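Novice: Pasting a structure here, questions to come.
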Amino acid sequence: MRTIAKTGAARGSLLTDPQARAWLFQIVAVITVVGIGWFLFYNTQTNLAHRGITSGFGFLDNAAGFGISQHLIDYSESDSYGRVFWVGLLNTLLVSVIGIVLATIIGFVLGVARLSPNWLIRQIATVYIETFRNIPPLLQIFFVYFAVIGPLPGPRDSLSLWDVIFVNNRGVQMPSPSAGEGFWPFWGAMFVALVAIVMLNRWARARRHATGQTFPVFWASLALFIGIPGLCSLLLGAPFLWEIPELQRFNIRGGWVVIPELVSIVLALSIYTAAFIGETVRAGIQSVSHGQTEAAASLGLRPGRVLRLVIIPQAMRVIIPPLTSQYLNLAKNSSLAAAIGYPDMVSLFAGTVLNQTGQAIETMAITMSVYLAISISISLLMNGYNKRIALIER
């Protein structure tokens, strides 16, 4: 009887002990996840075997056999599917990077304009934000592509800017650069200029802390950035040779063509995301105590310098976390470019390559991994910056 009582007490203590119960639930959860994963893997392998589909990534070495309208690296139809992957990845990164830069600039302007004392500017910013953030991004992409770029004139009647840049319904034709005799010295001069700018900023900061005197860092840095590479180009030759597009009888030849799909997706995503960034910036600025503004004004600082030196640096601690989410949304929304035929990862790899090879699992796994890696990279960069500017308490 005592043995039975001790066994019952031990079992009761095992179930009522929080630490033991927690370990039990975790073990059960791990076993369940592993079991489901094994079932899905076995079921997938069985179905592939029944259909005669071989798994693996060997298809990446096969010739693609199709052309791509835009590629940032050399590409031809005889290149492999692996080359197609890099073309699609670079096109996706191109949209994400340009979109993030444009959306940030427009969003910060909107956020400041929302708090402007000028009634007209404030209302224009409000109407912009309330309009574009409440329209789905896919509809905005369609609108830009079909209603804005579609009605543009053809190549023969292109809108010309100084007979150098041509805008028509086939995109934007602009001069394309190629390496000249002073190409590498020019980049060496750029590196020297950047080093000089960094050293100048450190010297000016130390001088201001020691004496309280300011130095025109911006104009001096601009002079270094333009002067050193410019002098190098004059002495050692032009770093770039430009191919100017020329209007011929039925088309425009030469130069670099920005396809209308790229213009549409970048404009639409930038305009859409900027509306959310504008509200984020407005909230960040309003989070700064009004006493900070009054204190800066009492020192004789102009409103522009107050905003740049006092308000924005403090507001960034509030702006960065939600701004990171908007960058992630823009990078993921770039996959909507497949709807208008832009050759990104979804359109090329998860679309054309999947249809030609039938390797659905591999292509989708690669595509999802790419977007996961892009999102994690953005998060790491923004979290690192957020940690750098975070307020350190003593």
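In the structure tokens, chains take letters A, B, ... by order of appearance, with residues numbered from 1 within each chain and ligands from 1 in the order shown.
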Extract, using only C-alpha atoms, all DNA, RNA and protein residues at most 9 Å from A:Ala63, discarding same-chain residues fewer than 4 positions from it, and format them as a PyMOL selection string.
Specialist: chain A and resi 59+77-82
Novice: Write to file, as a PDB file, in the first residue's frame, the residues of the selection just made, with C-alpha atoms.
Specialist:
```
ATOM      1  CA  PHE A  59      18.231  21.814 -63.337  1.00  0.00           C
ATOM      2  CA  GLU A  77      19.063  32.633 -74.133  1.00  0.00           C
ATOM      3  CA  SER A  78      21.807  30.004 -73.991  1.00  0.00           C
ATOM      4  CA  ASP A  79      22.613  30.825 -70.341  1.00  0.00           C
ATOM      5  CA  SER A  80      21.536  28.517 -67.535  1.00  0.00           C
ATOM      6  CA  TYR A  81      18.635  28.722 -65.116  1.00  0.00           C
ATOM      7  CA  GLY A  82      21.197  29.617 -62.467  1.00  0.00           C
TER       8      GLY A  82
END
```
Novice: Write out as a PyMOL selection string the residues lying within 12 Å of A:Asn329, counting only C-alpha atoms and excluding same-chain residues fewer than 4 positions away.
Specialist: chain A and resi 96+99-100+103+137+269-270+272-274+276-277+322-325+333-336+371+374-375+378-379
Novice: Could those selected residues go to a file with N, CA, C and O atoms, as a tab-separated table (two decimals), in the first residue's frame?
Specialist:
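Just written: result07.tsv:
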```tsv
chain	number	residue	atom	x	y	z
A	96	SER	N	13.65	47.17	-54.94
A	96	SER	CA	13.59	47.38	-53.48
A	96	SER	C	14.45	48.57	-53.07
A	96	SER	O	14.00	49.43	-52.29
A	99	GLY	N	13.05	51.89	-54.58
A	99	GLY	CA	11.78	52.18	-53.92
A	99	GLY	C	11.96	52.66	-52.50
A	99	GLY	O	11.28	53.59	-52.05
A	100	ILE	N	12.88	52.04	-51.75
A	100	ILE	CA	13.11	52.44	-50.36
A	100	ILE	C	13.66	53.87	-50.31
A	100	ILE	O	13.24	54.68	-49.48
A	103	ALA	N	10.77	56.31	-51.43
A	103	ALA	CA	9.71	56.35	-50.42
A	103	ALA	C	10.16	57.08	-49.16
A	103	ALA	O	9.38	57.80	-48.53
A	137	PRO	N	-1.98	48.48	-53.20
A	137	PRO	CA	-0.81	48.75	-54.05
A	137	PRO	C	-0.91	48.16	-55.45
A	137	PRO	O	-0.41	48.75	-56.40
A	269	LEU	N	5.02	51.70	-55.82
A	269	LEU	CA	5.40	51.28	-54.48
A	269	LEU	C	5.96	52.43	-53.66
A	269	LEU	O	5.73	52.50	-52.45
A	270	SER	N	6.69	53.34	-54.30
A	270	SER	CA	7.24	54.49	-53.59
A	270	SER	C	6.11	55.40	-53.10
A	270	SER	O	6.11	55.85	-51.95
A	272	TYR	N	2.96	54.62	-52.62
A	272	TYR	CA	2.14	53.92	-51.62
A	272	TYR	C	2.84	53.87	-50.27
A	272	TYR	O	2.25	54.22	-49.24
A	273	THR	N	4.08	53.45	-50.24
A	273	THR	CA	4.80	53.31	-48.97
A	273	THR	C	5.09	54.66	-48.34
A	273	THR	O	5.12	54.78	-47.11
A	274	ALA	N	5.31	55.70	-49.15
A	274	ALA	CA	5.60	57.03	-48.62
A	274	ALA	C	4.45	57.56	-47.78
A	274	ALA	O	4.69	58.32	-46.83
A	276	PHE	N	2.59	55.87	-45.69
A	276	PHE	CA	2.74	55.30	-44.35
A	276	PHE	C	3.97	55.89	-43.65
A	276	PHE	O	3.93	56.17	-42.44
A	277	ILE	N	5.05	56.09	-44.39
A	277	ILE	CA	6.25	56.68	-43.80
A	277	ILE	C	5.96	58.10	-43.34
A	277	ILE	O	6.46	58.55	-42.29
A	322	PRO	N	8.93	51.49	-36.67
A	322	PRO	CA	7.89	51.33	-37.70
A	322	PRO	C	8.41	51.56	-39.11
A	322	PRO	O	7.85	51.02	-40.07
A	323	LEU	N	9.47	52.37	-39.26
A	323	LEU	CA	10.05	52.56	-40.59
A	323	LEU	C	10.62	51.26	-41.12
A	323	LEU	O	10.54	50.98	-42.32
A	324	THR	N	11.19	50.45	-40.24
A	324	THR	CA	11.69	49.14	-40.64
A	324	THR	C	10.59	48.28	-41.22
A	324	THR	O	10.77	47.60	-42.24
A	325	SER	N	9.42	48.31	-40.60
A	325	SER	CA	8.28	47.53	-41.10
A	325	SER	C	7.87	47.99	-42.49
A	325	SER	O	7.52	47.17	-43.35
A	333	ASN	N	6.31	43.67	-51.20
A	333	ASN	CA	5.34	44.09	-52.21
A	333	ASN	C	5.95	44.16	-53.60
A	333	ASN	O	5.21	44.21	-54.59
A	334	SER	N	7.29	44.18	-53.69
A	334	SER	CA	7.91	44.19	-55.02
A	334	SER	C	7.57	42.93	-55.82
A	334	SER	O	7.69	42.93	-57.05
A	335	SER	N	7.13	41.88	-55.14
A	335	SER	CA	6.71	40.66	-55.84
A	335	SER	C	5.47	40.89	-56.69
A	335	SER	O	5.16	40.09	-57.58
A	336	LEU	N	4.72	41.99	-56.41
A	336	LEU	CA	3.54	42.32	-57.22
A	336	LEU	C	3.93	42.72	-58.64
A	336	LEU	O	3.07	42.84	-59.51
A	371	TYR	N	13.41	36.03	-50.52
A	371	TYR	CA	12.66	37.09	-49.85
A	371	TYR	C	12.89	37.05	-48.34
A	371	TYR	O	12.91	38.11	-47.70
A	374	ILE	N	16.27	38.75	-47.84
A	374	ILE	CA	16.16	40.20	-48.01
A	374	ILE	C	15.54	40.84	-46.78
A	374	ILE	O	16.01	41.86	-46.26
A	375	SER	N	14.47	40.23	-46.27
A	375	SER	CA	13.79	40.80	-45.10
A	375	SER	C	14.69	40.76	-43.87
A	375	SER	O	14.76	41.74	-43.10
A	378	ILE	N	17.38	43.50	-44.17
A	378	ILE	CA	16.84	44.83	-43.86
A	378	ILE	C	16.64	44.99	-42.37
A	378	ILE	O	16.97	46.03	-41.78
A	379	SER	N	16.11	43.97	-41.71
A	379	SER	CA	15.88	44.03	-40.27
A	379	SER	C	17.19	44.19	-39.51
A	379	SER	O	17.28	44.99	-38.57
```
Novice: Tell me, as a list in words, which residues lie within 10 Å of A:Phe218, counting only C-alpha atoms; anything in the same chain fewer than 4 positions away does not count.
Specialist: Ile197, Asn201, Leu222, Ala223 and Leu224 of chain A
Novice: For the residues selected in the previous step, produce a file with C-alpha atoms as a PDB file, in the first residue's frame.
Specialist:
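Once everything was written out, this is part-v7.pdb:
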```pdb
ATOM      1  CA  ILE A 197      35.272  64.193 -45.859  1.00  0.00           C
ATOM      2  CA  ASN A 201      33.814  65.986 -40.151  1.00  0.00           C
ATOM      3  CA  LEU A 222      30.598  69.103 -51.219  1.00  0.00           C
ATOM      4  CA  ALA A 223      33.656  70.918 -52.573  1.00  0.00           C
ATOM      5  CA  LEU A 224      35.880  67.937 -51.744  1.00  0.00           C
TER       6      LEU A 224
END
```
Novice: Distance atom CA of A:Gly304-atom CA of A:Leu110, one decimal place?
Specialist: 15.5 Å
Novice: As a list in words, please: all residues of stretch 246-336 of chain A that backbone DSSP puts in strand (DSSP E or B).
Specialist: Glu246, Leu247, Ile252, Arg253, Trp256, Val257 and Val258 of chain A
Novice: Could you tell me which of A:Asn118, A:Ser221, A:Gln292, A:Thr92 comes closest to A:Leu330 if we count only C-alpha atoms?
Specialist: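 Nearest candidate to A:Leu330 out of A:Asn118, A:Ser221, A:Gln292, A:Thr92: A:Thr92.
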Novice: Between atom CA of A:Ala331 and atom CA of A:Gly351, what is the spacing in Å?
Specialist: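 Going from atom CA of A:Gly351 over to atom CA of A:Ala331, I get 18.5 Å.
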Novice: Interatomic distance between atom CA of A:Ile259 and atom CA of A:Ile165?
Specialist: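 For atom CA of A:Ile259 relative to atom CA of A:Ile165, the distance reads 13.6 Å.
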Novice: Give me, as a ChimeraX atom specification, the residues of stretch 228-311 of chain A that a backbone DSSP run labels helix (DSSP H, G or I).
Specialist: /A:228-236,260-286,290-298,303-311
Novice: Just the selected residues (N, CA and C atoms), exported as a compact mmCIF listing (two decimals), in the first residue's frame, please.
Specialist:
```txt
# COMPACT_ATOMS: atom_id res chain seq x y z
N ILE A 228 37.92 66.91 -55.96
CA ILE A 228 38.99 65.91 -56.11
C ILE A 228 38.74 65.00 -57.32
N PRO A 229 37.55 64.36 -57.45
CA PRO A 229 37.32 63.56 -58.66
C PRO A 229 37.33 64.39 -59.94
N GLY A 230 36.81 65.66 -59.85
CA GLY A 230 36.82 66.50 -61.05
C GLY A 230 38.22 66.83 -61.51
N LEU A 231 39.10 67.15 -60.57
CA LEU A 231 40.49 67.43 -60.91
C LEU A 231 41.17 66.20 -61.50
N CYS A 232 40.86 65.03 -60.93
CA CYS A 232 41.42 63.78 -61.46
C CYS A 232 40.97 63.54 -62.89
N SER A 233 39.71 63.84 -63.18
CA SER A 233 39.20 63.64 -64.54
C SER A 233 39.87 64.58 -65.53
N LEU A 234 40.14 65.82 -65.10
CA LEU A 234 40.80 66.77 -65.98
C LEU A 234 42.24 66.36 -66.29
N LEU A 235 42.92 65.78 -65.32
CA LEU A 235 44.33 65.44 -65.49
C LEU A 235 44.53 64.09 -66.16
N LEU A 236 43.68 63.11 -65.85
CA LEU A 236 43.90 61.74 -66.31
C LEU A 236 42.89 61.26 -67.34
N PRO A 260 9.15 50.32 -69.08
CA PRO A 260 8.00 50.90 -68.38
C PRO A 260 7.57 50.10 -67.17
N GLU A 261 7.80 48.78 -67.17
CA GLU A 261 7.43 47.98 -66.01
C GLU A 261 8.23 48.40 -64.77
N LEU A 262 9.52 48.70 -64.95
CA LEU A 262 10.34 49.15 -63.82
C LEU A 262 9.87 50.51 -63.31
N VAL A 263 9.58 51.42 -64.23
CA VAL A 263 9.10 52.75 -63.82
C VAL A 263 7.78 52.62 -63.06
N SER A 264 6.89 51.77 -63.54
CA SER A 264 5.57 51.63 -62.91
C SER A 264 5.68 51.06 -61.51
N ILE A 265 6.43 49.98 -61.34
CA ILE A 265 6.50 49.34 -60.03
C ILE A 265 7.21 50.22 -59.03
N VAL A 266 8.26 50.93 -59.45
CA VAL A 266 9.00 51.79 -58.53
C VAL A 266 8.14 52.98 -58.11
N LEU A 267 7.49 53.64 -59.07
CA LEU A 267 6.65 54.79 -58.73
C LEU A 267 5.49 54.39 -57.83
N ALA A 268 4.80 53.31 -58.19
CA ALA A 268 3.62 52.91 -57.42
C ALA A 268 3.98 52.52 -55.99
N LEU A 269 5.02 51.70 -55.82
CA LEU A 269 5.40 51.28 -54.48
C LEU A 269 5.96 52.43 -53.66
N SER A 270 6.69 53.34 -54.30
CA SER A 270 7.24 54.49 -53.59
C SER A 270 6.11 55.40 -53.10
N ILE A 271 5.16 55.69 -53.98
CA ILE A 271 4.04 56.56 -53.61
C ILE A 271 3.21 55.92 -52.50
N TYR A 272 2.96 54.62 -52.62
CA TYR A 272 2.14 53.92 -51.62
C TYR A 272 2.84 53.87 -50.27
N THR A 273 4.08 53.45 -50.24
CA THR A 273 4.80 53.31 -48.97
C THR A 273 5.09 54.66 -48.34
N ALA A 274 5.31 55.70 -49.15
CA ALA A 274 5.60 57.03 -48.62
C ALA A 274 4.45 57.56 -47.78
N ALA A 275 3.23 57.17 -48.10
CA ALA A 275 2.10 57.63 -47.30
C ALA A 275 2.19 57.11 -45.87
N PHE A 276 2.59 55.87 -45.69
CA PHE A 276 2.74 55.30 -44.35
C PHE A 276 3.97 55.89 -43.65
N ILE A 277 5.05 56.09 -44.39
CA ILE A 277 6.25 56.68 -43.80
C ILE A 277 5.96 58.10 -43.34
N GLY A 278 5.16 58.84 -44.11
CA GLY A 278 4.81 60.20 -43.72
C GLY A 278 4.11 60.25 -42.37
N GLU A 279 3.19 59.34 -42.12
CA GLU A 279 2.51 59.29 -40.82
C GLU A 279 3.47 58.87 -39.71
N THR A 280 4.40 57.99 -40.04
CA THR A 280 5.40 57.58 -39.05
C THR A 280 6.29 58.76 -38.66
N VAL A 281 6.72 59.52 -39.65
CA VAL A 281 7.56 60.69 -39.38
C VAL A 281 6.79 61.73 -38.57
N ARG A 282 5.54 61.96 -38.93
CA ARG A 282 4.72 62.92 -38.17
C ARG A 282 4.60 62.52 -36.72
N ALA A 283 4.32 61.23 -36.47
CA ALA A 283 4.20 60.76 -35.09
C ALA A 283 5.53 60.90 -34.35
N GLY A 284 6.64 60.61 -35.04
CA GLY A 284 7.94 60.74 -34.38
C GLY A 284 8.26 62.17 -34.01
N ILE A 285 7.95 63.11 -34.90
CA ILE A 285 8.21 64.52 -34.59
C ILE A 285 7.34 64.99 -33.43
N GLN A 286 6.08 64.58 -33.42
CA GLN A 286 5.19 65.00 -32.35
C GLN A 286 5.53 64.36 -31.01
N HIS A 290 7.73 69.62 -26.73
CA HIS A 290 7.73 70.98 -27.28
C HIS A 290 8.75 71.86 -26.59
N GLY A 291 9.11 71.48 -25.38
CA GLY A 291 10.13 72.24 -24.68
C GLY A 291 11.47 72.21 -25.37
N GLN A 292 11.76 71.11 -26.10
CA GLN A 292 13.00 71.03 -26.87
C GLN A 292 13.03 72.08 -27.97
N THR A 293 11.89 72.26 -28.64
CA THR A 293 11.80 73.28 -29.68
C THR A 293 11.96 74.68 -29.10
N GLU A 294 11.32 74.93 -27.99
CA GLU A 294 11.41 76.24 -27.37
C GLU A 294 12.84 76.53 -26.88
N ALA A 295 13.49 75.50 -26.33
CA ALA A 295 14.87 75.70 -25.87
C ALA A 295 15.81 76.00 -27.03
N ALA A 296 15.62 75.29 -28.15
CA ALA A 296 16.47 75.55 -29.31
C ALA A 296 16.20 76.93 -29.89
N ALA A 297 14.92 77.35 -29.92
CA ALA A 297 14.60 78.68 -30.44
C ALA A 297 15.17 79.77 -29.55
N SER A 298 15.20 79.50 -28.23
CA SER A 298 15.75 80.51 -27.31
C SER A 298 17.25 80.71 -27.52
N PRO A 303 14.30 77.86 -37.60
CA PRO A 303 13.41 76.68 -37.60
C PRO A 303 13.99 75.48 -38.35
N GLY A 304 14.67 75.75 -39.48
CA GLY A 304 15.25 74.65 -40.23
C GLY A 304 16.33 73.92 -39.47
N ARG A 305 17.18 74.66 -38.78
CA ARG A 305 18.25 74.05 -37.99
C ARG A 305 17.68 73.37 -36.75
N VAL A 306 16.61 73.94 -36.19
CA VAL A 306 15.96 73.28 -35.05
C VAL A 306 15.43 71.91 -35.46
N LEU A 307 14.80 71.86 -36.65
CA LEU A 307 14.26 70.59 -37.13
C LEU A 307 15.37 69.60 -37.41
N ARG A 308 16.47 70.06 -38.02
CA ARG A 308 17.54 69.16 -38.44
C ARG A 308 18.44 68.72 -37.30
N LEU A 309 18.71 69.62 -36.35
CA LEU A 309 19.68 69.34 -35.30
C LEU A 309 19.07 68.90 -33.99
N VAL A 310 17.81 69.25 -33.74
CA VAL A 310 17.21 68.98 -32.44
C VAL A 310 16.06 67.98 -32.53
N ILE A 311 15.11 68.25 -33.42
CA ILE A 311 13.88 67.45 -33.44
C ILE A 311 14.09 66.10 -34.12
```
Novice: Residues near A:Pro177, anyone? I mean within 10 Å using only C-alpha atoms, not counting same-chain ones fewer than 6 positions away, as a PyMOL selection string.
Specialist: chain A and resi 239-244+255-256
Novice: With only C-alpha atoms as the counted atoms, please give the residues lying no more than 10 Å from stretch 352-354 of chain A, apart from itself and same-chain residues fewer than 4 positions off, as a ChimeraX atom specification.
Specialist: /A:59-60,64,66,81-82,84-85,343,345-348,358-364
Novice: Store the residues picked out above, limited to all heavy atoms, as a compact mmCIF listing (two decimals), in the first residue's frame.
Specialist:
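Result written to result-v8.txt:
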```txt
# COMPACT_ATOMS: atom_id res chain seq x y z
N PHE A 59 18.84 21.08 -62.23
CA PHE A 59 18.23 21.81 -63.34
C PHE A 59 18.82 23.21 -63.49
O PHE A 59 18.67 23.84 -64.55
CB PHE A 59 16.71 21.91 -63.13
CG PHE A 59 16.30 22.83 -62.02
CD1 PHE A 59 15.93 24.15 -62.30
CD2 PHE A 59 16.28 22.41 -60.70
CE1 PHE A 59 15.54 25.01 -61.29
CE2 PHE A 59 15.90 23.26 -59.68
CZ PHE A 59 15.53 24.57 -59.97
N LEU A 60 19.47 23.73 -62.45
CA LEU A 60 20.04 25.08 -62.53
C LEU A 60 21.14 25.19 -63.57
O LEU A 60 21.46 26.29 -64.03
CB LEU A 60 20.57 25.49 -61.16
CG LEU A 60 19.54 25.69 -60.05
CD1 LEU A 60 20.22 25.97 -58.72
CD2 LEU A 60 18.58 26.82 -60.40
N ALA A 64 18.44 27.95 -70.30
CA ALA A 64 17.10 28.50 -70.09
C ALA A 64 16.31 28.55 -71.39
O ALA A 64 15.16 28.13 -71.45
CB ALA A 64 17.22 29.90 -69.49
N PHE A 66 15.16 31.22 -73.06
CA PHE A 66 14.22 32.32 -73.23
C PHE A 66 14.93 33.64 -72.92
O PHE A 66 15.92 33.67 -72.19
CB PHE A 66 12.98 32.16 -72.35
CG PHE A 66 13.28 32.13 -70.86
CD1 PHE A 66 13.33 33.30 -70.11
CD2 PHE A 66 13.50 30.91 -70.21
CE1 PHE A 66 13.60 33.28 -68.76
CE2 PHE A 66 13.77 30.88 -68.85
CZ PHE A 66 13.82 32.06 -68.11
N TYR A 81 19.64 28.26 -66.06
CA TYR A 81 18.63 28.72 -65.12
C TYR A 81 19.29 29.37 -63.89
O TYR A 81 18.67 30.24 -63.26
CB TYR A 81 17.75 27.55 -64.66
CG TYR A 81 16.84 27.03 -65.74
CD1 TYR A 81 16.92 25.71 -66.17
CD2 TYR A 81 15.90 27.86 -66.34
CE1 TYR A 81 16.08 25.22 -67.16
CE2 TYR A 81 15.06 27.38 -67.33
CZ TYR A 81 15.15 26.06 -67.72
OH TYR A 81 14.31 25.58 -68.71
N GLY A 82 20.49 28.96 -63.56
CA GLY A 82 21.20 29.62 -62.47
C GLY A 82 21.47 31.08 -62.78
O GLY A 82 21.39 31.94 -61.90
N VAL A 84 19.57 32.86 -64.73
CA VAL A 84 18.25 33.49 -64.62
C VAL A 84 17.97 33.87 -63.17
O VAL A 84 17.39 34.93 -62.89
CB VAL A 84 17.16 32.54 -65.15
CG1 VAL A 84 15.77 33.11 -64.91
CG2 VAL A 84 17.37 32.28 -66.63
N PHE A 85 18.39 33.01 -62.24
CA PHE A 85 18.20 33.32 -60.82
C PHE A 85 18.88 34.63 -60.44
O PHE A 85 18.28 35.49 -59.78
CB PHE A 85 18.74 32.17 -59.97
CG PHE A 85 18.94 32.53 -58.52
CD1 PHE A 85 17.86 32.57 -57.66
CD2 PHE A 85 20.20 32.85 -58.03
CE1 PHE A 85 18.03 32.92 -56.32
CE2 PHE A 85 20.38 33.20 -56.71
CZ PHE A 85 19.30 33.23 -55.85
N PRO A 343 10.47 41.48 -64.92
CA PRO A 343 11.23 40.23 -64.71
C PRO A 343 11.94 40.18 -63.36
O PRO A 343 13.15 40.33 -63.27
CB PRO A 343 12.23 40.25 -65.87
CG PRO A 343 12.46 41.70 -66.14
CD PRO A 343 11.13 42.38 -65.89
N MET A 345 12.10 38.08 -59.32
CA MET A 345 12.23 36.69 -58.87
C MET A 345 10.94 35.91 -59.07
O MET A 345 10.95 34.75 -59.50
CB MET A 345 12.62 36.66 -57.39
CG MET A 345 14.10 36.86 -57.12
SD MET A 345 15.13 35.52 -57.76
CE MET A 345 14.49 34.13 -56.84
N VAL A 346 9.81 36.52 -58.75
CA VAL A 346 8.54 35.80 -58.86
C VAL A 346 8.20 35.53 -60.32
O VAL A 346 7.79 34.42 -60.67
CB VAL A 346 7.41 36.62 -58.18
CG1 VAL A 346 6.06 35.96 -58.40
CG2 VAL A 346 7.69 36.75 -56.69
N SER A 347 8.36 36.54 -61.17
CA SER A 347 8.01 36.36 -62.57
C SER A 347 8.96 35.39 -63.28
O SER A 347 8.52 34.51 -64.03
CB SER A 347 8.03 37.71 -63.28
OG SER A 347 7.77 37.57 -64.66
N LEU A 348 10.28 35.54 -63.06
CA LEU A 348 11.25 34.71 -63.77
C LEU A 348 11.38 33.33 -63.16
O LEU A 348 11.19 32.32 -63.83
CB LEU A 348 12.61 35.41 -63.77
CG LEU A 348 12.78 36.62 -64.68
CD1 LEU A 348 14.18 37.18 -64.54
CD2 LEU A 348 12.51 36.24 -66.13
N GLY A 358 9.30 22.25 -64.18
CA GLY A 358 8.43 21.46 -63.32
C GLY A 358 8.97 21.23 -61.92
O GLY A 358 8.38 20.48 -61.15
N GLN A 359 10.09 21.87 -61.58
CA GLN A 359 10.69 21.73 -60.24
C GLN A 359 10.03 22.72 -59.28
O GLN A 359 10.63 23.69 -58.85
CB GLN A 359 12.20 21.97 -60.30
CG GLN A 359 12.93 21.13 -61.33
CD GLN A 359 12.99 19.67 -60.92
OE1 GLN A 359 12.98 18.77 -61.75
NE2 GLN A 359 13.07 19.42 -59.64
N ALA A 360 8.78 22.45 -58.95
CA ALA A 360 8.00 23.40 -58.16
C ALA A 360 8.57 23.59 -56.76
O ALA A 360 8.68 24.72 -56.26
CB ALA A 360 6.54 22.94 -58.08
N ILE A 361 8.94 22.50 -56.12
CA ILE A 361 9.42 22.59 -54.74
C ILE A 361 10.72 23.37 -54.68
O ILE A 361 10.90 24.26 -53.84
CB ILE A 361 9.59 21.18 -54.14
CG1 ILE A 361 8.24 20.47 -54.07
CG2 ILE A 361 10.22 21.26 -52.76
CD1 ILE A 361 8.33 19.05 -53.59
N GLU A 362 11.65 23.05 -55.56
CA GLU A 362 12.96 23.70 -55.53
C GLU A 362 12.85 25.19 -55.86
O GLU A 362 13.43 26.04 -55.17
CB GLU A 362 13.92 23.02 -56.51
CG GLU A 362 14.33 21.61 -56.11
CD GLU A 362 13.30 20.57 -56.50
OE1 GLU A 362 12.23 20.96 -57.01
OE2 GLU A 362 13.56 19.37 -56.30
N THR A 363 12.10 25.52 -56.94
CA THR A 363 12.00 26.92 -57.34
C THR A 363 11.28 27.76 -56.29
O THR A 363 11.70 28.88 -55.97
CB THR A 363 11.27 27.04 -58.68
OG1 THR A 363 10.00 26.37 -58.61
CG2 THR A 363 12.09 26.44 -59.80
N MET A 364 10.22 27.22 -55.71
CA MET A 364 9.49 27.97 -54.69
C MET A 364 10.31 28.10 -53.41
O MET A 364 10.30 29.15 -52.75
CB MET A 364 8.15 27.30 -54.38
CG MET A 364 7.16 27.33 -55.54
SD MET A 364 6.87 29.00 -56.20
CE MET A 364 6.22 29.82 -54.76
```
Novice: Using only C-alpha atoms, pick whichever of A:Pro216, A:Pro136, A:Gly182, A:Pro245 has the shortest atom-to-atom distance to A:Trp162.
Specialist: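 Among the listed residues, A:Pro245 lies closest to A:Trp162.
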